[in-house]
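Engineer: Handing you this structure, nothing more for now.
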Amino acid sequence: YIKPLNFIDVDGNHGPINKILTFNDTVMYFQDNAYGRVAINPRVQVQGADDVAIELGVGGVLHDFTYNSTTIGSKHQWSIFQSPYGVYWFNILDKKTYKFGGRGTEELVDMKGMHSFYTSNIDQTLLTQDNPLMSKGVHGTYDYLNKEPLFTFLGQHSTKDNFTIAYSEAVGAWTSFMDFLPKHYINSRTRLLSANPLDNNSLYRHNIGEYLNFYEDYKDFKLKIVVNPAPDRTKMFENISMHTNVKNEGGFSLDKKTFEKLSCYTDYQHSGERILNPGINIKRKEREWNL
């Protein structure tokens with residue numbers, strides 16, 4: 001229990017306190033360019049000479065604060081959220097996403113191959129915008145079903161698109177760009193809801209219903225795979241083999257259906273978009289499609 005006059009001052013040189021949350025019984029606070037932890041009613045047990053445990057403590061409820069970093073923080077309070085495995089946030093000052101968990105502070109942009117994308121697709125206008133309900137700022141949530149932190153960037157300059165990106169805790173990598181751009185998320189361990197960006201009076205429930213249908217609107221999807229075995233050797237790619245299974249609304253497999261389009265490219269050559277015609281330029285042998 002913390003009374004109204006129980007307070008502690010942190011270093012104001014790092015900016016205002018933008019967010020306070022609890023993670024694994026630890027109270028964390030975030031400023032513009034720093035974040036840390038507050039010790040609340042710390043207790044230490046020591047063994048007395050008579051083998052009776054003695055508990056030592058201090059009189060103040062808010063005992064002390066410790067900075068985890070004085071260079072990493074967040075100006076976007078709604079971008080700070082937690083999963084069962086860590087706390088995630090976005091820092092506009094260096095255009096990077098971070099995680100605090102069992103391994104301490106982890107940087108998830110440069111170390112995960114997303115430096116170029118973040119640098120090119122996040123606009124500095126977000127420095128002064130932190131109101132996702134007005135379609136301005138950065139906010140995020142955790143998808144418990146898929147174990148994915150989601151970040152949505154809104155209010156970008158006209159030359160840069162708004163986007164939602166997903167990070168997979170299962171594989172430790174950024175995996176998907178999503179076609180939904182809500183102004184608000186509501187989540188629990190069993191449900192993930194978001195507000196329809198075109199209708200403030202309706203909510204959308206994720207992870208149920210038809211695939212590729214968001215807010216009663218159907219979207220296309222693309223799957224991009226990076227392939228480069230033995231990168232130090234000169235090679236030619238002549239064959240592609242893949243296993244796909246397409247089902248209709250009744251749940252029955254469709255033997256003659258797979259991806260409809262394909263394009264292959266490197267940094268200096270491109271096949272162009274090719275239409276895949278089963279039985280003509282792509283054939284199925286047993287359960288494998290070959291082209």
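Chain labels A, B, ... are given in the sequence in which chains occur in the structure tokens; within each chain residues are numbered consecutively from 1, and ligands are likewise numbered from 1 in the order shown.
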Would you return as a VMD selection string the members of stretch 17-200 of chain A that DSSP assigns to strand (DSSP E) on this structure's backbone?
Structural biologist: chain A and resid 19 to 23 26 to 31 34 to 40 43 to 47 53 to 57 62 to 69 81 to 83 86 to 91 96 to 101 104 to 107 137 to 143 148 to 154 163 to 168 173 to 178 185 to 187 192 to 195
Engineer: Using only C-alpha atoms, please write the residues we just selected to a file, as a compact mmCIF listing (two decimals), in the first residue's frame.
Structural biologist:
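Contents of again-v7.txt, freshly written:
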```txt
# COMPACT_ATOMS: atom_id res chain seq x y z
CA LYS A 19 5.21 5.13 -18.05
CA ILE A 20 5.15 3.08 -14.85
CA LEU A 21 4.41 -0.66 -14.88
CA THR A 22 5.08 -3.80 -12.86
CA PHE A 23 6.93 -6.81 -14.22
CA THR A 26 9.32 -5.19 -10.06
CA VAL A 27 8.11 -1.62 -10.57
CA MET A 28 9.68 -0.10 -13.68
CA TYR A 29 9.62 3.50 -14.86
CA PHE A 30 10.42 4.94 -18.29
CA GLN A 31 11.68 8.42 -19.17
CA ALA A 34 16.35 6.29 -19.51
CA TYR A 35 14.54 3.56 -17.64
CA GLY A 36 14.97 1.88 -14.29
CA ARG A 37 13.44 0.09 -11.31
CA VAL A 38 12.09 1.20 -7.94
CA ALA A 39 12.69 -0.80 -4.75
CA ILE A 40 9.45 -1.02 -2.76
CA ARG A 43 13.23 -7.12 2.85
CA VAL A 44 16.28 -9.30 3.49
CA GLN A 45 16.29 -12.41 5.69
CA VAL A 46 19.38 -13.29 7.74
CA GLN A 47 19.97 -16.24 10.01
CA ALA A 53 15.31 -16.05 10.60
CA ILE A 54 15.43 -12.30 11.07
CA GLU A 55 13.90 -10.01 8.45
CA LEU A 56 15.61 -6.67 7.90
CA GLY A 57 13.84 -3.80 6.18
CA LEU A 62 9.61 3.64 -1.75
CA HIS A 63 13.14 2.84 -0.67
CA ASP A 64 15.39 3.53 -3.66
CA PHE A 65 15.60 3.60 -7.46
CA THR A 66 18.12 2.12 -9.87
CA TYR A 67 18.70 2.99 -13.52
CA ASN A 68 19.00 0.07 -15.93
CA SER A 69 20.07 2.53 -18.65
CA PHE A 81 3.87 -3.19 -22.74
CA GLN A 82 4.77 -6.57 -21.34
CA SER A 83 4.56 -10.24 -22.18
CA GLY A 86 9.69 -9.44 -20.90
CA VAL A 87 8.86 -5.77 -21.32
CA TYR A 88 8.91 -4.28 -24.83
CA TRP A 89 9.12 -0.66 -25.97
CA PHE A 90 10.05 1.59 -28.88
CA ASN A 91 12.63 4.39 -28.60
CA LYS A 96 14.95 0.98 -32.15
CA THR A 97 12.79 -1.51 -30.29
CA TYR A 98 13.99 -3.02 -27.03
CA LYS A 99 13.15 -5.86 -24.67
CA PHE A 100 13.92 -6.21 -20.98
CA GLY A 101 13.74 -9.77 -19.64
CA GLY A 104 18.66 -7.97 -19.36
CA THR A 105 18.24 -5.29 -22.01
CA GLU A 106 18.09 -6.60 -25.60
CA GLU A 107 18.15 -4.46 -28.74
CA GLY A 137 2.10 7.90 -32.35
CA VAL A 138 3.25 4.37 -31.59
CA HIS A 139 1.38 1.76 -29.60
CA GLY A 140 1.63 -1.98 -29.12
CA THR A 141 0.23 -5.07 -27.47
CA TYR A 142 0.99 -8.74 -26.90
CA ASP A 143 -0.77 -11.53 -28.78
CA GLU A 148 3.87 -12.14 -30.72
CA PRO A 149 4.47 -8.55 -29.58
CA LEU A 150 2.78 -6.19 -32.06
CA PHE A 151 3.81 -2.59 -32.77
CA THR A 152 1.64 -0.15 -34.74
CA PHE A 153 3.10 3.09 -36.13
CA LEU A 154 0.56 5.85 -36.92
CA PHE A 163 2.44 -0.07 -40.52
CA THR A 164 2.02 -2.86 -37.97
CA ILE A 165 4.90 -5.27 -37.42
CA ALA A 166 5.05 -8.51 -35.43
CA TYR A 167 7.95 -9.99 -33.50
CA SER A 168 7.89 -13.73 -32.74
CA ALA A 173 12.85 -12.69 -35.05
CA TRP A 174 10.61 -10.18 -36.81
CA THR A 175 8.28 -12.29 -38.94
CA SER A 176 5.31 -10.37 -40.35
CA PHE A 177 3.79 -7.10 -41.46
CA MET A 178 0.09 -6.97 -40.63
CA TYR A 185 -5.70 -2.62 -28.56
CA ILE A 186 -7.36 -4.52 -25.72
CA ASN A 187 -5.87 -7.86 -24.75
CA LEU A 192 -7.04 -9.85 -28.48
CA LEU A 193 -9.37 -7.03 -29.50
CA SER A 194 -8.76 -3.89 -31.51
CA ALA A 195 -10.88 -0.89 -32.42
```
Engineer: What lies within 7 Å of A:Asn281 using only C-alpha atoms, ignoring chain neighbours under 4 positions off, as a PyMOL selection string?
Structural biologist: chain A and resi 276-277+291
Engineer: Write out as a list in words all residues of stretch 5-207 of chain A that DSSP puts in alpha helix (DSSP H) for this structure's backbone.
Structural biologist: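 So, restricting stretch 5-207 of chain A to alpha helix (DSSP H), we get His115, Ser116, Phe117, Tyr118, Thr119, Ser120 and Asn121 of chain A.
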Engineer: Write to file, as a PDB file, in the first residue's frame, the residues of the selection just made, with all heavy atoms.
Structural biologist:
```pdb
ATOM      1  N   HIS A 115      17.713  -2.949 -39.237  1.00  0.00           N
ATOM      2  CA  HIS A 115      18.244  -1.583 -39.175  1.00  0.00           C
ATOM      3  C   HIS A 115      17.812  -0.758 -40.388  1.00  0.00           C
ATOM      4  O   HIS A 115      17.324   0.376 -40.251  1.00  0.00           O
ATOM      5  CB  HIS A 115      19.766  -1.613 -39.088  1.00  0.00           C
ATOM      6  CG  HIS A 115      20.399  -0.256 -39.173  1.00  0.00           C
ATOM      7  ND1 HIS A 115      20.482   0.598 -38.097  1.00  0.00           N
ATOM      8  CD2 HIS A 115      20.960   0.407 -40.230  1.00  0.00           C
ATOM      9  CE1 HIS A 115      21.060   1.726 -38.477  1.00  0.00           C
ATOM     10  NE2 HIS A 115      21.367   1.630 -39.759  1.00  0.00           N
ATOM     11  N   SER A 116      17.972  -1.301 -41.573  1.00  0.00           N
ATOM     12  CA  SER A 116      17.655  -0.563 -42.790  1.00  0.00           C
ATOM     13  C   SER A 116      16.174  -0.221 -42.854  1.00  0.00           C
ATOM     14  O   SER A 116      15.795   0.903 -43.210  1.00  0.00           O
ATOM     15  CB  SER A 116      18.064  -1.375 -44.022  1.00  0.00           C
ATOM     16  OG  SER A 116      17.720  -0.701 -45.214  1.00  0.00           O
ATOM     17  N   PHE A 117      15.317  -1.160 -42.501  1.00  0.00           N
ATOM     18  CA  PHE A 117      13.872  -0.897 -42.568  1.00  0.00           C
ATOM     19  C   PHE A 117      13.477   0.188 -41.575  1.00  0.00           C
ATOM     20  O   PHE A 117      12.755   1.132 -41.919  1.00  0.00           O
ATOM     21  CB  PHE A 117      13.079  -2.175 -42.288  1.00  0.00           C
ATOM     22  CG  PHE A 117      11.597  -1.934 -42.231  1.00  0.00           C
ATOM     23  CD1 PHE A 117      10.856  -1.881 -43.402  1.00  0.00           C
ATOM     24  CD2 PHE A 117      10.952  -1.725 -41.022  1.00  0.00           C
ATOM     25  CE1 PHE A 117       9.491  -1.618 -43.356  1.00  0.00           C
ATOM     26  CE2 PHE A 117       9.595  -1.467 -40.967  1.00  0.00           C
ATOM     27  CZ  PHE A 117       8.868  -1.416 -42.143  1.00  0.00           C
ATOM     28  N   TYR A 118      13.904   0.069 -40.335  1.00  0.00           N
ATOM     29  CA  TYR A 118      13.538   1.062 -39.321  1.00  0.00           C
ATOM     30  C   TYR A 118      14.046   2.449 -39.707  1.00  0.00           C
ATOM     31  O   TYR A 118      13.349   3.452 -39.559  1.00  0.00           O
ATOM     32  CB  TYR A 118      14.102   0.658 -37.959  1.00  0.00           C
ATOM     33  CG  TYR A 118      13.122  -0.121 -37.098  1.00  0.00           C
ATOM     34  CD1 TYR A 118      12.620  -1.352 -37.500  1.00  0.00           C
ATOM     35  CD2 TYR A 118      12.713   0.386 -35.872  1.00  0.00           C
ATOM     36  CE1 TYR A 118      11.744  -2.061 -36.711  1.00  0.00           C
ATOM     37  CE2 TYR A 118      11.831  -0.317 -35.064  1.00  0.00           C
ATOM     38  CZ  TYR A 118      11.344  -1.540 -35.486  1.00  0.00           C
ATOM     39  OH  TYR A 118      10.457  -2.248 -34.709  1.00  0.00           O
ATOM     40  N   THR A 119      15.269   2.518 -40.195  1.00  0.00           N
ATOM     41  CA  THR A 119      15.852   3.804 -40.556  1.00  0.00           C
ATOM     42  C   THR A 119      15.094   4.453 -41.708  1.00  0.00           C
ATOM     43  O   THR A 119      14.874   5.668 -41.720  1.00  0.00           O
ATOM     44  CB  THR A 119      17.335   3.631 -40.945  1.00  0.00           C
ATOM     45  OG1 THR A 119      18.054   3.049 -39.849  1.00  0.00           O
ATOM     46  CG2 THR A 119      17.960   4.966 -41.307  1.00  0.00           C
ATOM     47  N   SER A 120      14.663   3.659 -42.672  1.00  0.00           N
ATOM     48  CA  SER A 120      14.040   4.195 -43.883  1.00  0.00           C
ATOM     49  C   SER A 120      12.539   4.426 -43.751  1.00  0.00           C
ATOM     50  O   SER A 120      11.980   5.243 -44.486  1.00  0.00           O
ATOM     51  CB  SER A 120      14.289   3.234 -45.066  1.00  0.00           C
ATOM     52  OG  SER A 120      15.664   3.007 -45.270  1.00  0.00           O
ATOM     53  N   ASN A 121      11.874   3.745 -42.823  1.00  0.00           N
ATOM     54  CA  ASN A 121      10.413   3.757 -42.811  1.00  0.00           C
ATOM     55  C   ASN A 121       9.780   4.361 -41.560  1.00  0.00           C
ATOM     56  O   ASN A 121       8.563   4.332 -41.419  1.00  0.00           O
ATOM     57  CB  ASN A 121       9.886   2.332 -42.989  1.00  0.00           C
ATOM     58  CG  ASN A 121      10.187   1.769 -44.356  1.00  0.00           C
ATOM     59  OD1 ASN A 121       9.463   2.018 -45.320  1.00  0.00           O
ATOM     60  ND2 ASN A 121      11.261   1.010 -44.464  1.00  0.00           N
TER      61      ASN A 121
END
```
Engineer: Residues of stretch 73-131 of chain A that have any atom at most 12 Å from an atom of stretch 4-16 of chain A: could you tabulate them with the shortest-distance atom pair and the distance in Å to one decimal, using only C-alpha atoms, ordered by chain and increasing number, as CSV?
Structural biologist:
```
residue,atom,partner,partner_atom,distance
A:Gly73,CA,A:His14,CA,8.6
A:Ser74,CA,A:Gly15,CA,9.8
A:Lys75,CA,A:Pro16,CA,8.9
A:His76,CA,A:Pro16,CA,11.5
A:Gln77,CA,A:Pro16,CA,11.0
```
Engineer: Kindly save the residues from that selection, with all heavy atoms included, as a PDB file, in the first residue's frame.
Structural biologist:
```pdb
ATOM      1  N   GLY A  73      15.375   4.910 -23.472  1.00  0.00           N
ATOM      2  CA  GLY A  73      14.090   5.153 -22.842  1.00  0.00           C
ATOM      3  C   GLY A  73      12.990   5.118 -23.884  1.00  0.00           C
ATOM      4  O   GLY A  73      13.138   4.487 -24.928  1.00  0.00           O
ATOM      5  N   SER A  74      11.892   5.816 -23.616  1.00  0.00           N
ATOM      6  CA  SER A  74      10.805   5.868 -24.583  1.00  0.00           C
ATOM      7  C   SER A  74       9.962   7.113 -24.351  1.00  0.00           C
ATOM      8  O   SER A  74       9.587   7.426 -23.219  1.00  0.00           O
ATOM      9  CB  SER A  74       9.915   4.627 -24.483  1.00  0.00           C
ATOM     10  OG  SER A  74       8.848   4.699 -25.421  1.00  0.00           O
ATOM     11  N   LYS A  75       9.668   7.824 -25.440  1.00  0.00           N
ATOM     12  CA  LYS A  75       8.772   8.974 -25.393  1.00  0.00           C
ATOM     13  C   LYS A  75       7.332   8.557 -25.643  1.00  0.00           C
ATOM     14  O   LYS A  75       6.420   9.372 -25.519  1.00  0.00           O
ATOM     15  CB  LYS A  75       9.202  10.010 -26.438  1.00  0.00           C
ATOM     16  CG  LYS A  75      10.566  10.632 -26.180  1.00  0.00           C
ATOM     17  CD  LYS A  75      11.010  11.538 -27.313  1.00  0.00           C
ATOM     18  CE  LYS A  75      10.199  12.799 -27.394  1.00  0.00           C
ATOM     19  NZ  LYS A  75      10.499  13.726 -26.270  1.00  0.00           N
ATOM     20  N   HIS A  76       7.115   7.295 -26.043  1.00  0.00           N
ATOM     21  CA  HIS A  76       5.780   6.822 -26.415  1.00  0.00           C
ATOM     22  C   HIS A  76       5.255   5.844 -25.358  1.00  0.00           C
ATOM     23  O   HIS A  76       5.607   4.658 -25.374  1.00  0.00           O
ATOM     24  CB  HIS A  76       5.815   6.161 -27.795  1.00  0.00           C
ATOM     25  CG  HIS A  76       6.150   7.114 -28.901  1.00  0.00           C
ATOM     26  ND1 HIS A  76       7.448   7.332 -29.311  1.00  0.00           N
ATOM     27  CD2 HIS A  76       5.369   7.922 -29.653  1.00  0.00           C
ATOM     28  CE1 HIS A  76       7.446   8.230 -30.297  1.00  0.00           C
ATOM     29  NE2 HIS A  76       6.201   8.596 -30.513  1.00  0.00           N
ATOM     30  N   GLN A  77       4.446   6.349 -24.452  1.00  0.00           N
ATOM     31  CA  GLN A  77       3.972   5.528 -23.342  1.00  0.00           C
ATOM     32  C   GLN A  77       3.152   4.323 -23.799  1.00  0.00           C
ATOM     33  O   GLN A  77       3.182   3.270 -23.171  1.00  0.00           O
ATOM     34  CB  GLN A  77       3.131   6.378 -22.387  1.00  0.00           C
ATOM     35  CG  GLN A  77       1.917   7.029 -23.037  1.00  0.00           C
ATOM     36  CD  GLN A  77       1.115   7.861 -22.060  1.00  0.00           C
ATOM     37  OE1 GLN A  77       0.821   7.410 -20.958  1.00  0.00           O
ATOM     38  NE2 GLN A  77       0.776   9.080 -22.455  1.00  0.00           N
TER      39      GLN A  77
END
```
Engineer: What is the distance between atom CA of A:Asn245 and atom CA of A:Thr258, in Å to one decimal?
Structural biologist: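 Those two atoms sit 7.1 Å apart.
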